[in-house]
>>> print(open('upload32.pdb').read())   # PDB, C-alpha atoms
ATOM      1  CA  MET J 146      -4.036  43.044-182.548  1.00  0.00           C
ATOM      2  CA  PRO J 147      -7.430  41.796-181.316  1.00  0.00           C
ATOM      3  CA  ASN J 148      -8.977  38.786-183.004  1.00  0.00           C
ATOM      4  CA  ASN J 149     -11.664  36.338-181.837  1.00  0.00           C
ATOM      5  CA  GLY J 150     -11.692  37.971-178.417  1.00  0.00           C
ATOM      6  CA  ARG J 151      -7.903  37.586-178.065  1.00  0.00           C
ATOM      7  CA  ILE J 152      -5.178  40.259-177.842  1.00  0.00           C
ATOM      8  CA  THR J 153      -2.118  39.433-179.972  1.00  0.00           C
ATOM      9  CA  GLU J 154       1.123  41.345-180.397  1.00  0.00           C
ATOM     10  CA  CYS J 155       2.343  39.863-183.681  1.00  0.00           C
ATOM     11  CA  PRO J 156       1.723  42.250-186.595  1.00  0.00           C
ATOM     12  CA  PHE J 157       1.520  39.323-189.043  1.00  0.00           C
ATOM     13  CA  TYR J 158      -1.198  37.424-187.161  1.00  0.00           C
ATOM     14  CA  VAL J 159      -4.568  37.231-188.946  1.00  0.00           C
ATOM     15  CA  ASN J 160      -6.736  34.700-187.092  1.00  0.00           C
ATOM     16  CA  GLU J 161      -6.848  31.194-185.641  1.00  0.00           C
ATOM     17  CA  ARG J 162      -9.304  28.317-185.805  1.00  0.00           C
ATOM     18  CA  ASN J 163      -9.156  24.724-184.624  1.00  0.00           C
ATOM     19  CA  GLY J 164      -5.548  23.536-185.259  1.00  0.00           C
ATOM     20  CA  TYR J 165      -4.579  26.408-187.589  1.00  0.00           C
ATOM     21  CA  ILE J 166      -3.056  29.860-187.252  1.00  0.00           C
ATOM     22  CA  THR J 167      -3.375  32.136-190.257  1.00  0.00           C
ATOM     23  CA  CYS J 168      -0.536  34.610-190.825  1.00  0.00           C
ATOM     24  CA  GLU J 169      -0.079  37.058-193.674  1.00  0.00           C
ATOM     25  CA  ASP J 170       1.900  34.635-195.809  1.00  0.00           C
ATOM     26  CA  ALA J 171       0.221  31.301-195.072  1.00  0.00           C
ATOM     27  CA  LYS J 172      -2.006  29.154-192.876  1.00  0.00           C
ATOM     28  CA  ARG J 173       0.021  27.138-190.365  1.00  0.00           C
ATOM     29  CA  ARG J 174      -1.219  23.791-189.119  1.00  0.00           C
ATOM     30  CA  PHE J 175      -0.300  22.436-185.669  1.00  0.00           C
ATOM     31  CA  GLN J 176      -0.331  18.926-184.247  1.00  0.00           C
ATOM     32  CA  ASP J 177      -3.204  19.691-181.877  1.00  0.00           C
ATOM     33  CA  SER J 178      -5.070  22.607-180.261  1.00  0.00           C
ATOM     34  CA  GLN J 179      -2.849  22.563-177.166  1.00  0.00           C
ATOM     35  CA  THR J 180       0.305  22.940-179.244  1.00  0.00           C
ATOM     36  CA  LYS J 181      -1.312  25.774-181.171  1.00  0.00           C
ATOM     37  CA  GLU J 182      -2.369  27.540-177.919  1.00  0.00           C
ATOM     38  CA  GLU J 183       1.129  27.192-176.472  1.00  0.00           C
ATOM     39  CA  HIS J 184       2.588  28.713-179.666  1.00  0.00           C
ATOM     40  CA  MET J 185       0.179  31.610-179.508  1.00  0.00           C
ATOM     41  CA  ASP J 186       0.809  32.232-175.791  1.00  0.00           C
ATOM     42  CA  THR J 187       4.565  32.269-176.369  1.00  0.00           C
ATOM     43  CA  TYR J 188       4.883  34.081-179.710  1.00  0.00           C
ATOM     44  CA  CYS J 189       1.652  35.568-181.090  1.00  0.00           C
ATOM     45  CA  ASP J 190       0.692  37.151-177.759  1.00  0.00           C
ATOM     46  CA  ASP J 191       4.177  38.049-176.514  1.00  0.00           C
ATOM     47  CA  LYS J 192       7.605  37.393-178.133  1.00  0.00           C
ATOM     48  CA  TRP J 193       6.515  37.511-181.751  1.00  0.00           C
ATOM     49  CA  GLU J 194       9.990  38.614-182.931  1.00  0.00           C
ATOM     50  CA  GLU J 195      11.346  35.177-181.892  1.00  0.00           C
ATOM     51  CA  CYS J 196       8.769  33.270-184.004  1.00  0.00           C
ATOM     52  CA  THR J 197      10.375  31.670-187.061  1.00  0.00           C
ATOM     53  CA  TYR J 198       7.340  32.532-189.183  1.00  0.00           C
ATOM     54  CA  ALA J 199       7.364  36.172-188.066  1.00  0.00           C
ATOM     55  CA  ALA J 200      11.154  36.372-188.492  1.00  0.00           C
ATOM     56  CA  ALA J 201      10.815  35.151-192.088  1.00  0.00           C
ATOM     57  CA  MET J 202       8.129  37.728-192.787  1.00  0.00           C
ATOM     58  CA  LEU J 203      10.209  40.480-191.202  1.00  0.00           C
ATOM     59  CA  ALA J 204      13.222  39.459-193.256  1.00  0.00           C
ATOM     60  CA  ALA J 205      11.130  39.572-196.404  1.00  0.00           C
ATOM     61  CA  TYR J 206      10.064  43.128-195.592  1.00  0.00           C
ATOM     62  CA  LYS J 207      13.674  44.122-194.970  1.00  0.00           C
ATOM     63  CA  GLU J 208      14.627  42.730-198.356  1.00  0.00           C
ATOM     64  CA  GLY J 209      12.505  45.271-200.090  1.00  0.00           C
ATOM     65  CA  GLU J 210       8.934  44.080-200.039  1.00  0.00           C
ATOM     66  CA  SER J 211       7.775  47.498-198.927  1.00  0.00           C
ATOM     67  CA  SER J 212       4.405  47.052-200.611  1.00  0.00           C
ATOM     68  CA  VAL J 213       3.496  44.362-198.094  1.00  0.00           C
ATOM     69  CA  VAL J 214       4.435  46.683-195.260  1.00  0.00           C
ATOM     70  CA  THR J 215       2.416  49.450-196.840  1.00  0.00           C
ATOM     71  CA  ASN J 216      -0.593  47.189-197.165  1.00  0.00           C
ATOM     72  CA  LYS J 217      -0.160  46.108-193.582  1.00  0.00           C
ATOM     73  CA  ILE J 218      -0.031  49.696-192.441  1.00  0.00           C
ATOM     74  CA  LYS J 219      -3.153  50.465-194.445  1.00  0.00           C
ATOM     75  CA  ALA J 220      -4.876  47.462-192.935  1.00  0.00           C
ATOM     76  CA  LEU J 221      -3.892  48.584-189.445  1.00  0.00           C
ATOM     77  CA  GLU J 222      -5.078  52.116-190.157  1.00  0.00           C
ATOM     78  CA  SER J 223      -8.366  50.753-191.468  1.00  0.00           C
ATOM     79  CA  GLU J 224      -8.798  48.624-188.386  1.00  0.00           C
ATOM     80  CA  ASN J 225      -7.875  51.596-186.216  1.00  0.00           C
ATOM     81  CA  ARG J 226     -10.599  53.659-187.913  1.00  0.00           C
ATOM     82  CA  LYS J 227     -13.088  50.871-187.281  1.00  0.00           C
ATOM     83  CA  VAL J 228     -12.080  50.745-183.630  1.00  0.00           C
ATOM     84  CA  ASN J 229     -12.448  54.523-183.350  1.00  0.00           C
ATOM     85  CA  ILE J 230     -15.909  54.318-184.909  1.00  0.00           C
ATOM     86  CA  MET J 231     -16.874  51.574-182.462  1.00  0.00           C
ATOM     87  CA  LEU J 232     -15.545  53.650-179.558  1.00  0.00           C
ATOM     88  CA  THR J 233     -17.511  56.688-180.735  1.00  0.00           C
ATOM     89  CA  LYS J 234     -20.695  54.645-180.956  1.00  0.00           C
ATOM     90  CA  ALA J 235     -20.045  53.216-177.517  1.00  0.00           C
ATOM     91  CA  GLU J 236     -19.500  56.725-176.109  1.00  0.00           C
ATOM     92  CA  ASN J 237     -22.749  57.873-177.719  1.00  0.00           C
ATOM     93  CA  ARG J 238     -24.614  54.927-176.196  1.00  0.00           C
ATOM     94  CA  GLU J 239     -23.133  55.749-172.791  1.00  0.00           C
ATOM     95  CA  ALA J 240     -24.191  59.387-173.201  1.00  0.00           C
ATOM     96  CA  VAL J 241     -27.759  58.268-173.972  1.00  0.00           C
ATOM     97  CA  LYS J 242     -27.699  55.982-170.935  1.00  0.00           C
ATOM     98  CA  ASP J 243     -26.452  58.845-168.755  1.00  0.00           C
ATOM     99  CA  ARG J 244     -29.311  61.058-169.931  1.00  0.00           C
ATOM    100  CA  GLU J 245     -31.844  58.310-169.260  1.00  0.00           C
ATOM    101  CA  ILE J 246     -30.370  57.739-165.793  1.00  0.00           C
ATOM    102  CA  LYS J 247     -30.622  61.466-165.008  1.00  0.00           C
ATOM    103  CA  LYS J 248     -34.263  61.445-166.144  1.00  0.00           C
ATOM    104  CA  LEU J 249     -34.981  58.432-163.931  1.00  0.00           C
ATOM    105  CA  VAL J 250     -33.265  60.108-160.965  1.00  0.00           C
ATOM    106  CA  MET J 251     -35.308  63.281-161.474  1.00  0.00           C
ATOM    107  CA  ARG J 252     -38.498  61.247-161.811  1.00  0.00           C
ATOM    108  CA  ASN J 253     -37.632  59.302-158.673  1.00  0.00           C
ATOM    109  CA  ASP J 254     -37.067  62.560-156.777  1.00  0.00           C
ATOM    110  CA  SER J 255     -40.406  63.891-158.044  1.00  0.00           C
ATOM    111  CA  LEU J 256     -42.202  60.693-157.007  1.00  0.00           C
ATOM    112  CA  GLY J 257     -40.514  60.880-153.619  1.00  0.00           C
ATOM    113  CA  LYS J 258     -41.800  64.418-153.082  1.00  0.00           C
ATOM    114  CA  ARG J 259     -45.310  63.408-154.203  1.00  0.00           C
ATOM    115  CA  TYR J 260     -45.200  60.433-151.863  1.00  0.00           C
ATOM    116  CA  GLY J 261     -44.191  62.729-149.006  1.00  0.00           C
ATOM    117  CA  LYS J 262     -47.103  65.076-149.714  1.00  0.00           C
ATOM    118  CA  LEU J 263     -49.574  62.194-149.995  1.00  0.00           C
ATOM    119  CA  LYS J 264     -48.263  60.703-146.755  1.00  0.00           C
ATOM    120  CA  GLU J 265     -48.656  64.052-144.994  1.00  0.00           C
ATOM    121  CA  LEU J 266     -52.197  64.423-146.388  1.00  0.00           C
ATOM    122  CA  HIS J 267     -53.033  60.875-145.279  1.00  0.00           C
ATOM    123  CA  GLU J 268     -51.813  61.628-141.764  1.00  0.00           C
ATOM    124  CA  ARG J 269     -53.921  64.806-141.632  1.00  0.00           C
ATOM    125  CA  LEU J 270     -56.972  62.888-142.863  1.00  0.00           C
ATOM    126  CA  GLU J 271     -56.401  60.229-140.215  1.00  0.00           C
ATOM    127  CA  GLN J 272     -56.197  62.942-137.545  1.00  0.00           C
ATOM    128  CA  THR J 273     -59.373  64.583-138.886  1.00  0.00           C
ATOM    129  CA  GLN J 274     -61.151  61.222-138.968  1.00  0.00           C
ATOM    130  CA  GLN J 275     -60.033  60.439-135.432  1.00  0.00           C
ATOM    131  CA  LEU J 276     -61.272  63.826-134.220  1.00  0.00           C
ATOM    132  CA  ALA J 277     -64.614  63.336-136.010  1.00  0.00           C
ATOM    133  CA  MET J 278     -65.020  59.878-134.474  1.00  0.00           C
ATOM    134  CA  GLU J 279     -64.299  61.294-131.031  1.00  0.00           C
ATOM    135  CA  GLN J 280     -66.854  64.071-131.567  1.00  0.00           C
ATOM    136  CA  ILE J 281     -69.456  61.564-132.822  1.00  0.00           C
ATOM    137  CA  GLN J 282     -68.812  59.287-129.860  1.00  0.00           C
ATOM    138  CA  SER J 283     -69.074  62.254-127.486  1.00  0.00           C
ATOM    139  CA  ALA J 284     -72.391  63.296-129.062  1.00  0.00           C
ATOM    140  CA  MET J 285     -73.697  59.737-128.809  1.00  0.00           C
ATOM    141  CA  ASP J 286     -72.659  59.594-125.162  1.00  0.00           C
ATOM    142  CA  ILE J 287     -74.522  62.830-124.463  1.00  0.00           C
ATOM    143  CA  CYS J 288     -77.632  61.597-126.309  1.00  0.00           C
ATOM    144  CA  GLU J 289     -77.517  58.345-124.382  1.00  0.00           C
ATOM    145  CA  ALA J 290     -77.130  60.264-121.132  1.00  0.00           C
ATOM    146  CA  ARG J 291     -80.072  62.499-122.072  1.00  0.00           C
ATOM    147  CA  VAL J 292     -82.262  59.449-122.742  1.00  0.00           C
ATOM    148  CA  ALA J 293     -81.160  57.997-119.413  1.00  0.00           C
ATOM    149  CA  TYR J 294     -82.126  61.245-117.691  1.00  0.00           C
ATOM    150  CA  LEU J 295     -85.539  61.246-119.339  1.00  0.00           C
ATOM    151  CA  LEU J 296     -86.092  57.641-118.265  1.00  0.00           C
ATOM    152  CA  SER J 297     -85.153  58.608-114.721  1.00  0.00           C
ATOM    153  CA  GLU J 298     -88.002  61.131-114.774  1.00  0.00           C
ATOM    154  CA  ILE J 299     -90.552  58.388-115.592  1.00  0.00           C
ATOM    155  CA  PRO J 300     -91.969  56.883-112.389  1.00  0.00           C
ATOM    156  CA  ASP J 301     -91.001  53.290-113.133  1.00  0.00           C
ATOM    157  CA  GLY J 302     -87.931  54.290-115.232  1.00  0.00           C
ATOM    158  CA  LYS J 303     -89.209  52.307-118.209  1.00  0.00           C
ATOM    159  CA  LEU J 304     -89.909  53.354-121.808  1.00  0.00           C
ATOM    160  CA  ASP J 305     -92.552  51.373-123.714  1.00  0.00           C
ATOM    161  CA  GLU J 306     -90.808  50.684-127.032  1.00  0.00           C
ATOM    162  CA  VAL J 307     -94.038  49.541-128.763  1.00  0.00           C
ATOM    163  CA  LYS J 308     -95.885  52.729-127.876  1.00  0.00           C
ATOM    164  CA  PHE J 309     -92.804  54.788-128.814  1.00  0.00           C
ATOM    165  CA  ARG J 310     -92.670  53.306-132.311  1.00  0.00           C
ATOM    166  CA  GLU J 311     -96.390  53.865-132.826  1.00  0.00           C
ATOM    167  CA  TRP J 312     -96.037  57.477-131.699  1.00  0.00           C
ATOM    168  CA  HIS J 313     -93.008  57.901-133.961  1.00  0.00           C
ATOM    169  CA  LYS J 314     -94.965  56.723-137.000  1.00  0.00           C
ATOM    170  CA  GLU J 315     -97.941  59.019-136.285  1.00  0.00           C
ATOM    171  CA  HIS J 316     -96.267  62.284-135.322  1.00  0.00           C
ATOM    172  CA  GLU J 317     -94.200  65.077-136.736  1.00  0.00           C
ATOM    173  CA  PHE J 318     -91.969  66.816-134.235  1.00  0.00           C
ATOM    174  CA  CYS J 319     -89.188  69.274-133.668  1.00  0.00           C
ATOM    175  CA  ILE J 320     -86.931  69.808-130.667  1.00  0.00           C
ATOM    176  CA  ILE J 321     -86.011  73.437-130.138  1.00  0.00           C
ATOM    177  CA  PRO J 322     -83.014  74.444-127.988  1.00  0.00           C
ATOM    178  CA  GLU J 323     -83.413  77.219-125.441  1.00  0.00           C
ATOM    179  CA  GLY J 324     -80.568  79.189-124.029  1.00  0.00           C
ATOM    180  CA  GLU J 325     -78.607  82.394-123.815  1.00  0.00           C
ATOM    181  CA  ALA J 326     -76.700  83.877-126.741  1.00  0.00           C
ATOM    182  CA  THR J 327     -73.472  85.811-126.238  1.00  0.00           C
ATOM    183  CA  ASP J 328     -71.010  87.321-128.649  1.00  0.00           C
ATOM    184  CA  ASP J 329     -68.971  84.115-128.675  1.00  0.00           C
ATOM    185  CA  GLU J 330     -71.429  81.267-128.227  1.00  0.00           C
ATOM    186  CA  PHE J 331     -74.960  80.042-127.671  1.00  0.00           C
ATOM    187  CA  LYS J 332     -75.260  78.388-124.272  1.00  0.00           C
ATOM    188  CA  ILE J 333     -78.072  75.822-124.221  1.00  0.00           C
ATOM    189  CA  THR J 334     -80.087  75.696-121.006  1.00  0.00           C
ATOM    190  CA  GLY J 335     -82.963  73.489-122.092  1.00  0.00           C
ATOM    191  CA  TRP J 336     -84.991  71.826-124.841  1.00  0.00           C
ATOM    192  CA  VAL J 337     -88.615  72.282-125.912  1.00  0.00           C
ATOM    193  CA  LEU J 338     -90.622  69.638-127.784  1.00  0.00           C
ATOM    194  CA  ARG J 339     -93.161  70.652-130.413  1.00  0.00           C
ATOM    195  CA  ALA J 340     -95.195  67.723-131.818  1.00  0.00           C
ATOM    196  CA  ARG J 341     -98.404  67.165-133.797  1.00  0.00           C
ATOM    197  CA  LYS J 342    -100.175  64.418-135.642  1.00  0.00           C
ATOM    198  CA  ALA J 343     -98.767  63.748-139.080  1.00  0.00           C
ATOM    199  CA  GLY J 344    -100.578  65.766-141.760  1.00  0.00           C
ATOM    200  CA  GLU J 345    -102.096  68.301-139.335  1.00  0.00           C
ATOM    201  CA  SER J 346    -101.577  71.993-140.029  1.00  0.00           C
ATOM    202  CA  ASP J 347    -102.507  73.949-136.934  1.00  0.00           C
ATOM    203  CA  GLY J 348    -100.054  76.811-137.304  1.00  0.00           C
ATOM    204  CA  THR J 349     -97.896  75.537-134.487  1.00  0.00           C
ATOM    205  CA  GLU J 350     -94.736  77.649-134.221  1.00  0.00           C
ATOM    206  CA  GLY J 351     -91.623  75.807-135.268  1.00  0.00           C
ATOM    207  CA  PHE J 352     -93.253  73.779-138.054  1.00  0.00           C
ATOM    208  CA  THR J 353     -93.185  74.548-141.749  1.00  0.00           C
ATOM    209  CA  GLY J 354     -96.362  75.123-143.709  1.00  0.00           C
ATOM    210  CA  GLU J 355     -96.118  71.789-145.535  1.00  0.00           C
ATOM    211  CA  PRO J 356     -96.384  68.574-143.469  1.00  0.00           C
ATOM    212  CA  THR J 357     -93.333  66.330-143.451  1.00  0.00           C
ATOM    213  CA  GLU J 358     -93.079  62.565-143.392  1.00  0.00           C
ATOM    214  CA  ALA J 359     -94.250  61.120-140.062  1.00  0.00           C
ATOM    215  CA  GLY J 360     -91.386  60.249-137.743  1.00  0.00           C
ATOM    216  CA  ARG J 361     -89.024  62.877-139.165  1.00  0.00           C
ATOM    217  CA  SER J 362     -87.759  65.676-136.962  1.00  0.00           C
ATOM    218  CA  GLN J 363     -87.922  69.342-137.885  1.00  0.00           C
ATOM    219  CA  THR J 364     -85.553  70.287-135.055  1.00  0.00           C
ATOM    220  CA  GLU J 365     -84.232  73.785-135.541  1.00  0.00           C
ATOM    221  CA  GLY J 366     -81.936  76.059-133.569  1.00  0.00           C
ATOM    222  CA  ALA J 367     -78.343  77.125-133.242  1.00  0.00           C
ATOM    223  CA  GLU J 368     -75.547  74.739-134.138  1.00  0.00           C
ATOM    224  CA  TYR J 369     -73.459  73.469-131.254  1.00  0.00           C
ATOM    225  CA  THR J 370     -70.829  70.866-130.554  1.00  0.00           C
ATOM    226  CA  ALA J 371     -70.913  68.024-128.091  1.00  0.00           C
ATOM    227  CA  GLU J 372     -67.957  69.563-126.284  1.00  0.00           C
ATOM    228  CA  ALA J 373     -69.801  72.866-125.845  1.00  0.00           C
ATOM    229  CA  GLU J 374     -72.844  71.130-124.411  1.00  0.00           C
ATOM    230  CA  LYS J 375     -70.699  69.046-122.051  1.00  0.00           C
ATOM    231  CA  ALA J 376     -69.024  72.216-120.819  1.00  0.00           C
ATOM    232  CA  LYS J 377     -72.231  74.020-119.963  1.00  0.00           C
TER     233      LYS J 377
END
>>> encode(input="upload32.pdb", output="structure tokens")
Amino acid sequence: MPNNGRITECPFYVNERNGYITCEDAKRRFQDSQTKEEHMDTYCDDKWEECTYAAAMLAAYKEGESSVVTNKIKALESENRKVNIMLTKAENREAVKDREIKKLVMRNDSLGKRYGKLKELHERLEQTQQLAMEQIQSAMDICEARVAYLLSEIPDGKLDEVKFREWHKEHEFCIIPEGEATDDEFKITGWVLRARKAGESDGTEGFTGEPTEAGRSQTEGAEYTAEAEKAK
């Protein structure tokens, strides 16, 4: 029978502490703990029938002390019920743990799927951002090339930045694309500048009725991409 974390075979064993072993009929004292442990290893845990104390108890039962046997049986049955209750509780705890583990597994699977979707979305956003950056860079390259072309048309190839900034502060302007429209696209063939002094309202085509802030463009026309302009 189990006691103090130890498995014993002797039906008369109750418990042990320090230099004592308690049996059903009495508490037995040993010379030291080592002697007690050796006794338990030899008899309590294994050959209990050969123990003089157990033999005396067994003889007493055989002589007619059936009530002691009955009590022992009842005690064993009671302990067996306790063990069964403990086992049932342990099984219930394991069942709860199993349910919690299944929930965690399902949650982990769900998080894994969400992570996969977010990763895919992130990759698409990176691709979209990369494409947008390439389009912006292409448009900037075309604008820079257009400015370079305009500078090449000036006799000395030089733009007076001071005069440009003054003009920019004093004028409203719009740049209108010219070209040919087809069913699929609008092919730009040129650009037309419309400009006036800020605050003037001379009915110039391409300007709104209300003056805008000086230096701001009112450029209007069809939308186009940098790639389409480069391909023209």
>>> atom_distance(input="upload32.pdb", atom1="CA of Glu224 (chain J)", atom2="CA of Tyr198 (chain J)")
22.8 Å
>>> atom_distance(input="upload32.pdb", atom1="CA of Gly324 (chain J)", atom2="CA of Glu279 (chain J)")
25.2 Å
>>> resolve_selection(input="upload32.pdb", expression="the PyMOL selection byres ((chain J and resi 189) around 12)", output="PyMOL selection string")
chain J and resi 146-148+151-161+166-168+181-188+190-199
>>> closest_residue(input="upload32.pdb", among="J:Lys247, J:Lys332, J:Lys262, J:Arg341", to="Lys314 (chain J)", atoms="all atoms listed in the file")
J:Arg341
>>> atom_distance(input="upload32.pdb", atom1="CA of His313 (chain J)", atom2="CA of Gln282 (chain J)")
24.6 Å
>>> residues_near_point(input="upload32.pdb", point="(-97.7, 57.3, -131.4)", cutoff="12 Å", atoms="only C-alpha atoms", output="PyMOL selection string")
chain J and resi 305-318+340-343+359-360
>>> closest_residue(input="upload32.pdb", among="J:Glu169, J:Cys319, J:Leu276, J:Ala205", to="Ala220 (chain J)", atoms="all atoms listed in the file")
J:Glu169
>>> residues_near_point(input="upload32.pdb", point="(-85.9, 56.2, -119.2)", cutoff="7 Å", atoms="only C-alpha atoms", output="VMD selection string")
chain J and resid 292 to 299 302 to 304
>>> resolve_selection(input="upload32.pdb", expression="the PyMOL selection byres ((chain J and resi 322) around 7)", output="PyMOL selection string")
chain J and resi 320-321+323-324+333+335-337+366
